[in-house]
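Asker: Sending over final26.cif (mmCIF, C-alpha atoms).
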data_protein
loop_
_atom_site.group_PDB
_atom_site.id
_atom_site.type_symbol
_atom_site.label_atom_id
_atom_site.label_comp_id
_atom_site.auth_asym_id
_atom_site.auth_seq_id
_atom_site.Cartn_x
_atom_site.Cartn_y
_atom_site.Cartn_z
ATOM 1 C CA MET A 1236 12.507 -2.698 -27.369
ATOM 2 C CA ILE A 1237 9.419 -0.965 -25.944
ATOM 3 C CA ASP A 1238 9.940 2.298 -24.080
ATOM 4 C CA ILE A 1239 8.004 1.542 -20.878
ATOM 5 C CA ALA A 1240 7.487 5.250 -20.228
ATOM 6 C CA LYS A 1241 5.319 5.423 -23.376
ATOM 7 C CA VAL A 1242 3.058 2.490 -22.582
ATOM 8 C CA PRO A 1243 -0.160 3.807 -21.001
ATOM 9 C CA VAL A 1244 -1.170 2.585 -17.576
ATOM 10 C CA GLN A 1245 -4.526 0.936 -17.100
ATOM 11 C CA LEU A 1246 -6.085 0.718 -13.642
ATOM 12 C CA ARG A 1247 -8.702 -1.784 -12.636
ATOM 13 C CA LEU A 1248 -10.083 -3.352 -9.496
ATOM 14 C CA GLY A 1249 -8.432 -6.577 -8.375
ATOM 15 C CA THR A 1250 -10.363 -9.825 -8.141
ATOM 16 C CA LYS A 1251 -9.515 -13.210 -6.652
ATOM 17 C CA GLU A 1252 -8.464 -14.292 -10.166
ATOM 18 C CA ASP A 1253 -5.503 -11.908 -9.710
ATOM 19 C CA THR A 1254 -4.158 -13.851 -6.719
ATOM 20 C CA LYS A 1255 -1.119 -15.329 -8.476
ATOM 21 C CA VAL A 1256 0.122 -12.127 -10.161
ATOM 22 C CA LEU A 1257 -0.632 -9.968 -7.127
ATOM 23 C CA THR A 1258 1.174 -12.355 -4.766
ATOM 24 C CA LYS A 1259 4.235 -12.208 -7.017
ATOM 25 C CA LEU A 1260 4.146 -8.409 -7.356
ATOM 26 C CA ALA A 1261 3.551 -7.824 -3.642
ATOM 27 C CA SER A 1262 6.452 -10.071 -2.641
ATOM 28 C CA GLU A 1263 8.868 -8.624 -5.182
ATOM 29 C CA THR A 1264 8.038 -4.971 -4.531
ATOM 30 C CA MET A 1265 8.354 -5.558 -0.774
ATOM 31 C CA ARG A 1266 11.886 -6.871 -1.346
ATOM 32 C CA GLU A 1267 12.695 -3.928 -3.627
ATOM 33 C CA ALA A 1268 11.392 -1.400 -1.111
ATOM 34 C CA PHE A 1269 12.923 -2.808 2.055
ATOM 35 C CA GLY A 1270 15.618 -5.311 1.069
ATOM 36 C CA GLU A 1271 18.606 -3.019 1.470
ATOM 37 C CA GLN A 1272 17.623 -1.710 4.893
ATOM 38 C CA ASN A 1273 16.349 -4.880 6.541
ATOM 39 C CA GLU A 1274 17.660 -8.344 7.275
ATOM 40 C CA SER A 1275 16.335 -10.980 4.895
ATOM 41 C CA LYS A 1276 14.923 -13.026 7.802
ATOM 42 C CA HIS A 1277 12.535 -10.172 8.633
ATOM 43 C CA ILE A 1278 11.490 -9.659 5.014
ATOM 44 C CA ASP A 1279 11.012 -13.401 4.487
ATOM 45 C CA ALA A 1280 8.893 -13.697 7.645
ATOM 46 C CA TYR A 1281 6.725 -10.730 6.716
ATOM 47 C CA ILE A 1282 6.212 -11.912 3.139
ATOM 48 C CA SER A 1283 5.385 -15.477 4.184
ATOM 49 C CA GLN A 1284 2.641 -14.140 6.462
ATOM 50 C CA ALA A 1285 1.271 -11.130 4.560
ATOM 51 C CA PHE A 1286 1.654 -12.380 1.000
ATOM 52 C CA HIS A 1287 0.941 -16.068 1.269
ATOM 53 C CA LYS A 1288 -1.228 -17.102 -1.685
ATOM 54 C CA LEU A 1289 -4.171 -17.974 0.577
ATOM 55 C CA SER A 1290 -3.910 -14.676 2.477
ATOM 56 C CA VAL A 1291 -3.897 -12.634 -0.723
ATOM 57 C CA GLN A 1292 -6.760 -14.681 -2.159
ATOM 58 C CA ALA A 1293 -8.846 -14.145 0.998
ATOM 59 C CA GLU A 1294 -8.153 -10.393 0.970
ATOM 60 C CA LEU A 1295 -9.123 -10.120 -2.701
ATOM 61 C CA ALA A 1296 -12.331 -12.083 -2.065
ATOM 62 C CA ASP A 1297 -13.316 -9.887 0.912
ATOM 63 C CA THR A 1298 -14.573 -6.931 -1.125
ATOM 64 C CA LYS A 1299 -16.615 -5.632 1.818
ATOM 65 C CA HIS A 1300 -13.426 -4.769 3.702
ATOM 66 C CA ASN A 1301 -10.713 -4.586 1.017
ATOM 67 C CA THR A 1302 -10.360 -2.917 -2.334
ATOM 68 C CA PHE A 1303 -7.316 -3.516 -4.511
ATOM 69 C CA TRP A 1304 -6.481 -1.236 -7.414
ATOM 70 C CA LEU A 1305 -4.097 -2.812 -9.928
ATOM 71 C CA ALA A 1306 -1.940 -0.894 -12.424
ATOM 72 C CA PHE A 1307 -1.037 -2.583 -15.699
ATOM 73 C CA GLN A 1308 1.281 -1.509 -18.490
ATOM 74 C CA GLY A 1309 0.213 -3.666 -21.366
ATOM 75 C CA GLU A 1310 -0.297 -7.142 -19.911
ATOM 76 C CA GLU A 1311 2.149 -6.645 -17.028
ATOM 77 C CA LEU A 1312 1.007 -5.864 -13.500
ATOM 78 C CA VAL A 1313 3.381 -3.088 -12.392
ATOM 79 C CA GLY A 1314 1.804 -1.713 -9.225
ATOM 80 C CA TYR A 1315 -1.056 -1.942 -6.783
ATOM 81 C CA CYS A 1316 -2.670 -0.377 -3.769
ATOM 82 C CA LYS A 1317 -5.104 -1.553 -1.139
ATOM 83 C CA LEU A 1318 -7.793 0.202 0.859
ATOM 84 C CA ASN A 1319 -8.669 -1.575 4.109
ATOM 85 C CA ARG A 1320 -11.988 -0.668 5.730
ATOM 86 C CA LYS A 1321 -11.486 -3.066 8.650
ATOM 87 C CA SER A 1322 -8.355 -1.462 10.110
ATOM 88 C CA GLU A 1323 -8.377 0.037 13.556
ATOM 89 C CA LYS A 1324 -8.102 3.810 13.295
ATOM 90 C CA PRO A 1325 -5.377 5.767 15.065
ATOM 91 C CA ARG A 1326 -6.627 7.551 18.204
ATOM 92 C CA ASN A 1327 -6.186 10.904 16.457
ATOM 93 C CA LEU A 1328 -9.031 9.992 14.095
ATOM 94 C CA LYS A 1329 -11.587 9.091 16.741
ATOM 95 C CA GLY A 1330 -14.913 10.458 15.589
ATOM 96 C CA TYR A 1331 -13.921 10.476 11.909
ATOM 97 C CA LYS A 1332 -15.110 8.056 9.277
ATOM 98 C CA ALA A 1333 -11.644 7.009 8.099
ATOM 99 C CA VAL A 1334 -10.229 4.296 5.851
ATOM 100 C CA GLU A 1335 -6.679 2.962 5.690
ATOM 101 C CA LEU A 1336 -4.491 3.047 2.612
ATOM 102 C CA GLN A 1337 -2.744 -0.127 3.673
ATOM 103 C CA ARG A 1338 -0.403 -0.736 0.751
ATOM 104 C CA ILE A 1339 0.818 1.052 -2.339
ATOM 105 C CA TYR A 1340 3.733 -0.392 -4.289
ATOM 106 C CA VAL A 1341 5.134 -0.057 -7.808
ATOM 107 C CA TYR A 1342 8.054 -1.969 -9.314
ATOM 108 C CA ASP A 1343 11.238 0.134 -9.106
ATOM 109 C CA GLN A 1344 11.677 0.177 -12.893
ATOM 110 C CA TYR A 1345 8.263 1.860 -13.268
ATOM 111 C CA LYS A 1346 8.702 4.517 -10.585
ATOM 112 C CA GLY A 1347 8.745 8.145 -11.645
ATOM 113 C CA GLN A 1348 6.005 7.659 -14.243
ATOM 114 C CA GLY A 1349 3.091 8.792 -12.071
ATOM 115 C CA ILE A 1350 1.762 5.273 -11.476
ATOM 116 C CA GLY A 1351 1.801 5.656 -7.698
ATOM 117 C CA LYS A 1352 -0.088 8.935 -8.023
ATOM 118 C CA GLN A 1353 -2.685 7.321 -10.273
ATOM 119 C CA LEU A 1354 -3.166 4.486 -7.807
ATOM 120 C CA LEU A 1355 -3.426 6.889 -4.881
ATOM 121 C CA ASP A 1356 -5.875 9.109 -6.787
ATOM 122 C CA ALA A 1357 -8.085 6.063 -7.441
ATOM 123 C CA CYS A 1358 -8.109 5.239 -3.724
ATOM 124 C CA LEU A 1359 -8.844 8.821 -2.709
ATOM 125 C CA GLU A 1360 -11.693 9.071 -5.216
ATOM 126 C CA GLN A 1361 -13.162 5.809 -3.978
ATOM 127 C CA ALA A 1362 -12.900 7.002 -0.358
ATOM 128 C CA ARG A 1363 -14.718 10.209 -1.295
ATOM 129 C CA GLN A 1364 -17.459 8.268 -3.086
ATOM 130 C CA GLU A 1365 -17.881 6.085 0.006
ATOM 131 C CA LYS A 1366 -18.217 9.257 2.145
ATOM 132 C CA TYR A 1367 -15.031 8.793 4.166
ATOM 133 C CA GLN A 1368 -13.767 11.922 5.879
ATOM 134 C CA ALA A 1369 -10.120 10.884 5.980
ATOM 135 C CA VAL A 1370 -7.600 8.421 4.573
ATOM 136 C CA PHE A 1371 -4.780 7.326 6.866
ATOM 137 C CA LEU A 1372 -1.683 5.197 6.425
ATOM 138 C CA GLY A 1373 1.367 3.960 8.245
ATOM 139 C CA VAL A 1374 4.811 4.507 6.725
ATOM 140 C CA TRP A 1375 8.171 3.359 8.077
ATOM 141 C CA GLU A 1376 10.062 6.282 9.564
ATOM 142 C CA LYS A 1377 13.144 5.393 7.468
ATOM 143 C CA ASN A 1378 11.259 5.337 4.152
ATOM 144 C CA GLU A 1379 12.034 8.943 3.228
ATOM 145 C CA SER A 1380 10.967 8.679 -0.424
ATOM 146 C CA ALA A 1381 7.522 7.360 0.554
ATOM 147 C CA ILE A 1382 7.119 10.043 3.241
ATOM 148 C CA GLN A 1383 7.984 12.745 0.689
ATOM 149 C CA PHE A 1384 5.543 11.248 -1.827
ATOM 150 C CA TYR A 1385 2.709 11.213 0.713
ATOM 151 C CA GLU A 1386 3.471 14.754 1.866
ATOM 152 C CA HIS A 1387 3.481 15.904 -1.781
ATOM 153 C CA MET A 1388 0.053 14.256 -2.131
ATOM 154 C CA GLY A 1389 -1.329 16.212 0.840
ATOM 155 C CA PHE A 1390 -0.841 13.771 3.721
ATOM 156 C CA GLU A 1391 0.382 15.045 7.082
ATOM 157 C CA LYS A 1392 2.102 13.219 9.927
ATOM 158 C CA MET A 1393 -0.151 12.775 12.953
ATOM 159 C CA GLY A 1394 1.784 10.517 15.286
ATOM 160 C CA TRP A 1395 3.455 7.137 15.182
ATOM 161 C CA HIS A 1396 3.034 3.519 16.157
ATOM 162 C CA TYR A 1397 5.060 0.333 16.241
ATOM 163 C CA PHE A 1398 4.802 -2.137 13.379
ATOM 164 C CA LEU A 1399 6.074 -5.705 13.467
ATOM 165 C CA PHE A 1400 8.016 -6.311 10.252
ATOM 166 C CA GLY A 1401 8.839 -9.992 10.394
ATOM 167 C CA PHE A 1402 10.465 -10.254 13.813
ATOM 168 C CA ASP A 1403 11.644 -6.624 13.900
ATOM 169 C CA ARG A 1404 9.652 -3.985 15.767
ATOM 170 C CA GLN A 1405 9.838 -0.819 13.700
ATOM 171 C CA ARG A 1406 8.401 2.640 14.143
ATOM 172 C CA ASP A 1407 5.943 3.899 11.533
ATOM 173 C CA TYR A 1408 4.500 7.357 11.206
ATOM 174 C CA TRP A 1409 0.766 7.700 10.986
ATOM 175 C CA MET A 1410 -0.145 10.060 8.160
ATOM 176 C CA VAL A 1411 -3.578 11.395 7.235
ATOM 177 C CA LYS A 1412 -5.286 13.237 4.431
ATOM 178 C CA HIS A 1413 -8.638 14.807 5.226
ATOM 179 C CA LEU A 1414 -11.116 14.640 2.376
#
Could you show the structure in this file as structure tokens?
Answerer:
Amino acid sequence: MIDIAKVPVQLRLGTKEDTKVLTKLASETMREAFGEQNESKHIDAYISQAFHKLSVQAELADTKHNTFWLAFQGEELVGYCKLNRKSEKPRNLKGYKAVELQRIYVYDQYKGQGIGKQLLDACLEQARQEKYQAVFLGVWEKNESAIQFYEHMGFEKMGWHYFLFGFDRQRDYWMVKHL
């Protein structure tokens, strides 16, 4: 048996050829992250909208507005993140050139190996290269482990907004890291 902690992680940009594996990973990591705290009808509704094969394919193809970083251990896709340049900025960032870190997920079995940090570092470096002044994100107020991760990585809370997760209106914190 291979010790997954000893297999190096390779990052690369996602392309539309990654649609099938990314759709699978996105759906499964969403269930891992939110399945215990949310009703399945809300998760199913969100996944069917956000991670439909055609939606993912269109996002991957729209490289002007979206960048996906994919993390592989060997041949297996184990995590990903997405920068979205088309998102509406929170009011607090008016006047800033800001980009949204829209998603960052890693399979549970691979957490604690620094993969999330590597993905986030890739996004932050890309944002710097593209001359963004800030990176912002929304995180569910009940996702304590994610909030702690982002705070550890230098993000600060700057307000909140409502997010429709399936049919459930939830409160997310806005967080920002100035570059």
Asker: Written as an MDAnalysis selection string, which residues does the PyMOL selection byres ((chain A and resi 1353-1355) around 12) give for the file shown?
Answerer: chainID A and resid 1243:1248 1302:1307 1313:1318 1335:1341 1346:1352 1356:1362 1370:1372 1384:1385 1387:1390 1412
Asker: Just give me the gap between CA of Leu1312 (chain A) and CA of Gln1405 (chain A) in Å, one decimal is fine.
Answerer: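 Interatomic distance here is 29.0 Å.
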Asker: Could you spell out the hits of the PyMOL selection byres ((chain A and resi 1278-1288) around 9) on the shown file, as a PDB file with C-alpha atoms, in the coordinates of the input?
Answerer:
ATOM      1  CA  THR A1254      -4.158 -13.851  -6.719  1.00  0.00           C
ATOM      2  CA  LYS A1255      -1.119 -15.329  -8.476  1.00  0.00           C
ATOM      3  CA  LEU A1257      -0.632  -9.968  -7.127  1.00  0.00           C
ATOM      4  CA  THR A1258       1.174 -12.355  -4.766  1.00  0.00           C
ATOM      5  CA  LYS A1259       4.235 -12.208  -7.017  1.00  0.00           C
ATOM      6  CA  ALA A1261       3.551  -7.824  -3.642  1.00  0.00           C
ATOM      7  CA  SER A1262       6.452 -10.071  -2.641  1.00  0.00           C
ATOM      8  CA  MET A1265       8.354  -5.558  -0.774  1.00  0.00           C
ATOM      9  CA  ARG A1266      11.886  -6.871  -1.346  1.00  0.00           C
ATOM     10  CA  PHE A1269      12.923  -2.808   2.055  1.00  0.00           C
ATOM     11  CA  GLY A1270      15.618  -5.311   1.069  1.00  0.00           C
ATOM     12  CA  ASN A1273      16.349  -4.880   6.541  1.00  0.00           C
ATOM     13  CA  GLU A1274      17.660  -8.344   7.275  1.00  0.00           C
ATOM     14  CA  SER A1275      16.335 -10.980   4.895  1.00  0.00           C
ATOM     15  CA  LYS A1276      14.923 -13.026   7.802  1.00  0.00           C
ATOM     16  CA  HIS A1277      12.535 -10.172   8.633  1.00  0.00           C
ATOM     17  CA  LEU A1289      -4.171 -17.974   0.577  1.00  0.00           C
ATOM     18  CA  SER A1290      -3.910 -14.676   2.477  1.00  0.00           C
ATOM     19  CA  VAL A1291      -3.897 -12.634  -0.723  1.00  0.00           C
ATOM     20  CA  GLN A1292      -6.760 -14.681  -2.159  1.00  0.00           C
ATOM     21  CA  ALA A1293      -8.846 -14.145   0.998  1.00  0.00           C
ATOM     22  CA  LEU A1399       6.074  -5.705  13.467  1.00  0.00           C
ATOM     23  CA  PHE A1400       8.016  -6.311  10.252  1.00  0.00           C
ATOM     24  CA  GLY A1401       8.839  -9.992  10.394  1.00  0.00           C
ATOM     25  CA  PHE A1402      10.465 -10.254  13.813  1.00  0.00           C
TER      26      PHE A1402
END
Asker: Each side padded by 3 Å, which centre and which edge lengths in Å (one decimal) define the axis-aligned box around the listed atoms of region 1384-1401 of chain A? Give them as JSON.
Answerer:
{"center_x": 3.8, "center_y": 3.1, "center_z": 7.1, "size_x": 16.2, "size_y": 32.2, "size_z": 24.4}
Asker: Interatomic distance between CA of Thr1264 (chain A) and CA of Lys1392 (chain A)?
Answerer: 24.0 Å
Asker: Which is closest to Tyr1408 (chain A) among A:Ser1322, A:Gln1364, A:Thr1298, A:Asn1378, if we use all atoms listed in the file?
Answerer: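 Of the candidates, the smallest distance to Tyr1408 (chain A) is held by A:Asn1378.
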Asker: Between CA of Lys1366 (chain A) and CA of Arg1320 (chain A), what distance in Å does the model show, to one decimal?
Answerer: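 A separation of 12.3 Å between them.
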Asker: Take the PyMOL selection byres ((chain A and resi 1407) around 8), run it mentally on this structure, and tell me the resulting residues as a ChimeraX atom specification.
Answerer: /A:1373-1376,1395-1398,1405-1406,1408-1409
Asker: Could you dump the residues just selected with C-alpha atoms as an mmCIF file, in the coordinates of the input?
Answerer:
data_model
loop_
_atom_site.group_PDB
_atom_site.id
_atom_site.type_symbol
_atom_site.label_atom_id
_atom_site.label_comp_id
_atom_site.auth_asym_id
_atom_site.auth_seq_id
_atom_site.Cartn_x
_atom_site.Cartn_y
_atom_site.Cartn_z
ATOM 1 C CA GLY A 1373 1.367 3.960 8.245
ATOM 2 C CA VAL A 1374 4.811 4.507 6.725
ATOM 3 C CA TRP A 1375 8.171 3.359 8.077
ATOM 4 C CA GLU A 1376 10.062 6.282 9.564
ATOM 5 C CA TRP A 1395 3.455 7.137 15.182
ATOM 6 C CA HIS A 1396 3.034 3.519 16.157
ATOM 7 C CA TYR A 1397 5.060 0.333 16.241
ATOM 8 C CA PHE A 1398 4.802 -2.137 13.379
ATOM 9 C CA GLN A 1405 9.838 -0.819 13.700
ATOM 10 C CA ARG A 1406 8.401 2.640 14.143
ATOM 11 C CA TYR A 1408 4.500 7.357 11.206
ATOM 12 C CA TRP A 1409 0.766 7.700 10.986
#
Asker: So that I can check the surroundings of Asn1327 (chain A), please list as a PyMOL selection string every protein, DNA and RNA residue that reaches within 10 Å of it, counting all atoms listed in the file and ignoring chain neighbours fewer than 5 positions away.
Answerer: chain A and resi 1393-1394+1409+1411
Asker: Within 12 Å of (-18.0, 8.5, 12.6), in the coordinates the file gives, what residues turn up when you count all atoms listed in the file, written out as JSON, numbers by chain?
Answerer: {"A": [1324, 1328, 1329, 1330, 1331, 1332, 1333, 1334, 1366, 1367, 1368, 1369]}
Asker: Go through A:Glu1294, A:Glu1365, A:Glu1311, A:Ala1268 and flag the residue nearest Ser1380 (chain A), using all atoms listed in the file for the distances.
Answerer: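 Among the listed residues, A:Ala1268 lies closest to Ser1380 (chain A).
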Asker: Could you give me region 1335-1346 of chain A completed to all heavy atoms, formatted as a PDB file, keeping the file's coordinate frame?
Answerer:
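That gives us selection.pdb:
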ATOM      1  N   GLU A1335      -8.128   3.079   5.777  1.00  0.00           N
ATOM      2  CA  GLU A1335      -6.679   2.962   5.690  1.00  0.00           C
ATOM      3  C   GLU A1335      -6.221   2.642   4.270  1.00  0.00           C
ATOM      4  O   GLU A1335      -6.723   1.721   3.630  1.00  0.00           O
ATOM      5  CB  GLU A1335      -6.165   1.850   6.605  1.00  0.00           C
ATOM      6  CG  GLU A1335      -4.642   1.740   6.576  1.00  0.00           C
ATOM      7  CD  GLU A1335      -4.067   0.640   7.451  1.00  0.00           C
ATOM      8  OE1 GLU A1335      -4.815  -0.272   7.840  1.00  0.00           O
ATOM      9  OE2 GLU A1335      -2.863   0.694   7.735  1.00  0.00           O
ATOM     10  N   LEU A1336      -5.258   3.417   3.802  1.00  0.00           N
ATOM     11  CA  LEU A1336      -4.491   3.047   2.612  1.00  0.00           C
ATOM     12  C   LEU A1336      -3.403   2.131   3.153  1.00  0.00           C
ATOM     13  O   LEU A1336      -2.424   2.585   3.730  1.00  0.00           O
ATOM     14  CB  LEU A1336      -3.892   4.269   1.928  1.00  0.00           C
ATOM     15  CG  LEU A1336      -2.979   3.971   0.747  1.00  0.00           C
ATOM     16  CD1 LEU A1336      -3.746   3.299  -0.384  1.00  0.00           C
ATOM     17  CD2 LEU A1336      -2.296   5.228   0.268  1.00  0.00           C
ATOM     18  N   GLN A1337      -3.620   0.833   3.005  1.00  0.00           N
ATOM     19  CA  GLN A1337      -2.744  -0.127   3.673  1.00  0.00           C
ATOM     20  C   GLN A1337      -1.487  -0.437   2.874  1.00  0.00           C
ATOM     21  O   GLN A1337      -0.434  -0.691   3.448  1.00  0.00           O
ATOM     22  CB  GLN A1337      -3.508  -1.416   3.969  1.00  0.00           C
ATOM     23  CG  GLN A1337      -2.742  -2.343   4.871  1.00  0.00           C
ATOM     24  CD  GLN A1337      -3.573  -3.524   5.318  1.00  0.00           C
ATOM     25  OE1 GLN A1337      -4.462  -3.984   4.607  1.00  0.00           O
ATOM     26  NE2 GLN A1337      -3.294  -4.014   6.508  1.00  0.00           N
ATOM     27  N   ARG A1338      -1.581  -0.425   1.575  1.00  0.00           N
ATOM     28  CA  ARG A1338      -0.403  -0.736   0.751  1.00  0.00           C
ATOM     29  C   ARG A1338      -0.483   0.045  -0.549  1.00  0.00           C
ATOM     30  O   ARG A1338      -1.549   0.198  -1.129  1.00  0.00           O
ATOM     31  CB  ARG A1338      -0.339  -2.228   0.410  1.00  0.00           C
ATOM     32  CG  ARG A1338      -0.193  -3.109   1.609  1.00  0.00           C
ATOM     33  CD  ARG A1338      -0.079  -4.566   1.213  1.00  0.00           C
ATOM     34  NE  ARG A1338      -0.155  -5.382   2.411  1.00  0.00           N
ATOM     35  CZ  ARG A1338      -0.972  -6.406   2.564  1.00  0.00           C
ATOM     36  NH1 ARG A1338      -1.776  -6.769   1.596  1.00  0.00           N
ATOM     37  NH2 ARG A1338      -0.984  -7.088   3.691  1.00  0.00           N
ATOM     38  N   ILE A1339       0.685   0.483  -1.001  1.00  0.00           N
ATOM     39  CA  ILE A1339       0.818   1.052  -2.339  1.00  0.00           C
ATOM     40  C   ILE A1339       2.257   0.813  -2.779  1.00  0.00           C
ATOM     41  O   ILE A1339       3.198   1.308  -2.158  1.00  0.00           O
ATOM     42  CB  ILE A1339       0.417   2.541  -2.399  1.00  0.00           C
ATOM     43  CG1 ILE A1339       0.529   3.078  -3.816  1.00  0.00           C
ATOM     44  CG2 ILE A1339       1.170   3.375  -1.402  1.00  0.00           C
ATOM     45  CD1 ILE A1339      -0.131   4.431  -4.029  1.00  0.00           C
ATOM     46  N   TYR A1340       2.408  -0.005  -3.814  1.00  0.00           N
ATOM     47  CA  TYR A1340       3.733  -0.392  -4.289  1.00  0.00           C
ATOM     48  C   TYR A1340       3.750  -0.438  -5.810  1.00  0.00           C
ATOM     49  O   TYR A1340       2.783  -0.867  -6.435  1.00  0.00           O
ATOM     50  CB  TYR A1340       4.152  -1.767  -3.736  1.00  0.00           C
ATOM     51  CG  TYR A1340       4.429  -1.719  -2.255  1.00  0.00           C
ATOM     52  CD1 TYR A1340       3.445  -2.052  -1.342  1.00  0.00           C
ATOM     53  CD2 TYR A1340       5.659  -1.301  -1.774  1.00  0.00           C
ATOM     54  CE1 TYR A1340       3.679  -1.984   0.022  1.00  0.00           C
ATOM     55  CE2 TYR A1340       5.908  -1.231  -0.418  1.00  0.00           C
ATOM     56  CZ  TYR A1340       4.916  -1.569   0.481  1.00  0.00           C
ATOM     57  OH  TYR A1340       5.159  -1.493   1.824  1.00  0.00           O
ATOM     58  N   VAL A1341       4.886  -0.036  -6.363  1.00  0.00           N
ATOM     59  CA  VAL A1341       5.134  -0.057  -7.808  1.00  0.00           C
ATOM     60  C   VAL A1341       6.543  -0.619  -7.994  1.00  0.00           C
ATOM     61  O   VAL A1341       7.455  -0.288  -7.231  1.00  0.00           O
ATOM     62  CB  VAL A1341       5.033   1.362  -8.403  1.00  0.00           C
ATOM     63  CG1 VAL A1341       5.418   1.378  -9.874  1.00  0.00           C
ATOM     64  CG2 VAL A1341       3.628   1.938  -8.205  1.00  0.00           C
ATOM     65  N   TYR A1342       6.706  -1.477  -9.007  1.00  0.00           N
ATOM     66  CA  TYR A1342       8.054  -1.969  -9.314  1.00  0.00           C
ATOM     67  C   TYR A1342       9.005  -0.787  -9.500  1.00  0.00           C
ATOM     68  O   TYR A1342       8.649   0.218 -10.113  1.00  0.00           O
ATOM     69  CB  TYR A1342       8.056  -2.794 -10.601  1.00  0.00           C
ATOM     70  CG  TYR A1342       7.672  -4.241 -10.445  1.00  0.00           C
ATOM     71  CD1 TYR A1342       6.644  -4.778 -11.214  1.00  0.00           C
ATOM     72  CD2 TYR A1342       8.351  -5.086  -9.562  1.00  0.00           C
ATOM     73  CE1 TYR A1342       6.290  -6.123 -11.103  1.00  0.00           C
ATOM     74  CE2 TYR A1342       8.004  -6.424  -9.440  1.00  0.00           C
ATOM     75  CZ  TYR A1342       6.981  -6.938 -10.210  1.00  0.00           C
ATOM     76  OH  TYR A1342       6.630  -8.262 -10.092  1.00  0.00           O
ATOM     77  N   ASP A1343      10.233  -0.934  -9.011  1.00  0.00           N
ATOM     78  CA  ASP A1343      11.238   0.134  -9.106  1.00  0.00           C
ATOM     79  C   ASP A1343      11.397   0.656 -10.530  1.00  0.00           C
ATOM     80  O   ASP A1343      11.489   1.859 -10.750  1.00  0.00           O
ATOM     81  CB  ASP A1343      12.598  -0.355  -8.590  1.00  0.00           C
ATOM     82  CG  ASP A1343      12.693  -0.389  -7.074  1.00  0.00           C
ATOM     83  OD1 ASP A1343      11.758   0.104  -6.389  1.00  0.00           O
ATOM     84  OD2 ASP A1343      13.697  -0.928  -6.559  1.00  0.00           O
ATOM     85  N   GLN A1344      11.431  -0.244 -11.513  1.00  0.00           N
ATOM     86  CA  GLN A1344      11.677   0.177 -12.893  1.00  0.00           C
ATOM     87  C   GLN A1344      10.550   1.039 -13.463  1.00  0.00           C
ATOM     88  O   GLN A1344      10.733   1.697 -14.476  1.00  0.00           O
ATOM     89  CB  GLN A1344      11.930  -1.030 -13.797  1.00  0.00           C
ATOM     90  CG  GLN A1344      10.680  -1.845 -14.094  1.00  0.00           C
ATOM     91  CD  GLN A1344      10.993  -3.135 -14.820  1.00  0.00           C
ATOM     92  OE1 GLN A1344      11.627  -4.013 -14.262  1.00  0.00           O
ATOM     93  NE2 GLN A1344      10.562  -3.241 -16.049  1.00  0.00           N
ATOM     94  N   TYR A1345       9.398   1.068 -12.794  1.00  0.00           N
ATOM     95  CA  TYR A1345       8.263   1.860 -13.268  1.00  0.00           C
ATOM     96  C   TYR A1345       8.035   3.114 -12.433  1.00  0.00           C
ATOM     97  O   TYR A1345       7.112   3.882 -12.703  1.00  0.00           O
ATOM     98  CB  TYR A1345       6.982   1.009 -13.270  1.00  0.00           C
ATOM     99  CG  TYR A1345       7.029  -0.090 -14.293  1.00  0.00           C
ATOM    100  CD1 TYR A1345       7.479  -1.369 -13.971  1.00  0.00           C
ATOM    101  CD2 TYR A1345       6.634   0.147 -15.607  1.00  0.00           C
ATOM    102  CE1 TYR A1345       7.524  -2.377 -14.917  1.00  0.00           C
ATOM    103  CE2 TYR A1345       6.683  -0.860 -16.559  1.00  0.00           C
ATOM    104  CZ  TYR A1345       7.130  -2.115 -16.208  1.00  0.00           C
ATOM    105  OH  TYR A1345       7.186  -3.102 -17.154  1.00  0.00           O
ATOM    106  N   LYS A1346       8.858   3.323 -11.421  1.00  0.00           N
ATOM    107  CA  LYS A1346       8.702   4.517 -10.585  1.00  0.00           C
ATOM    108  C   LYS A1346       9.078   5.767 -11.372  1.00  0.00           C
ATOM    109  O   LYS A1346       9.872   5.723 -12.291  1.00  0.00           O
ATOM    110  CB  LYS A1346       9.545   4.391  -9.316  1.00  0.00           C
ATOM    111  CG  LYS A1346       8.953   3.378  -8.360  1.00  0.00           C
ATOM    112  CD  LYS A1346       9.717   3.303  -7.065  1.00  0.00           C
ATOM    113  CE  LYS A1346       9.050   2.299  -6.131  1.00  0.00           C
ATOM    114  NZ  LYS A1346       9.844   2.065  -4.940  1.00  0.00           N
TER     115      LYS A1346
END
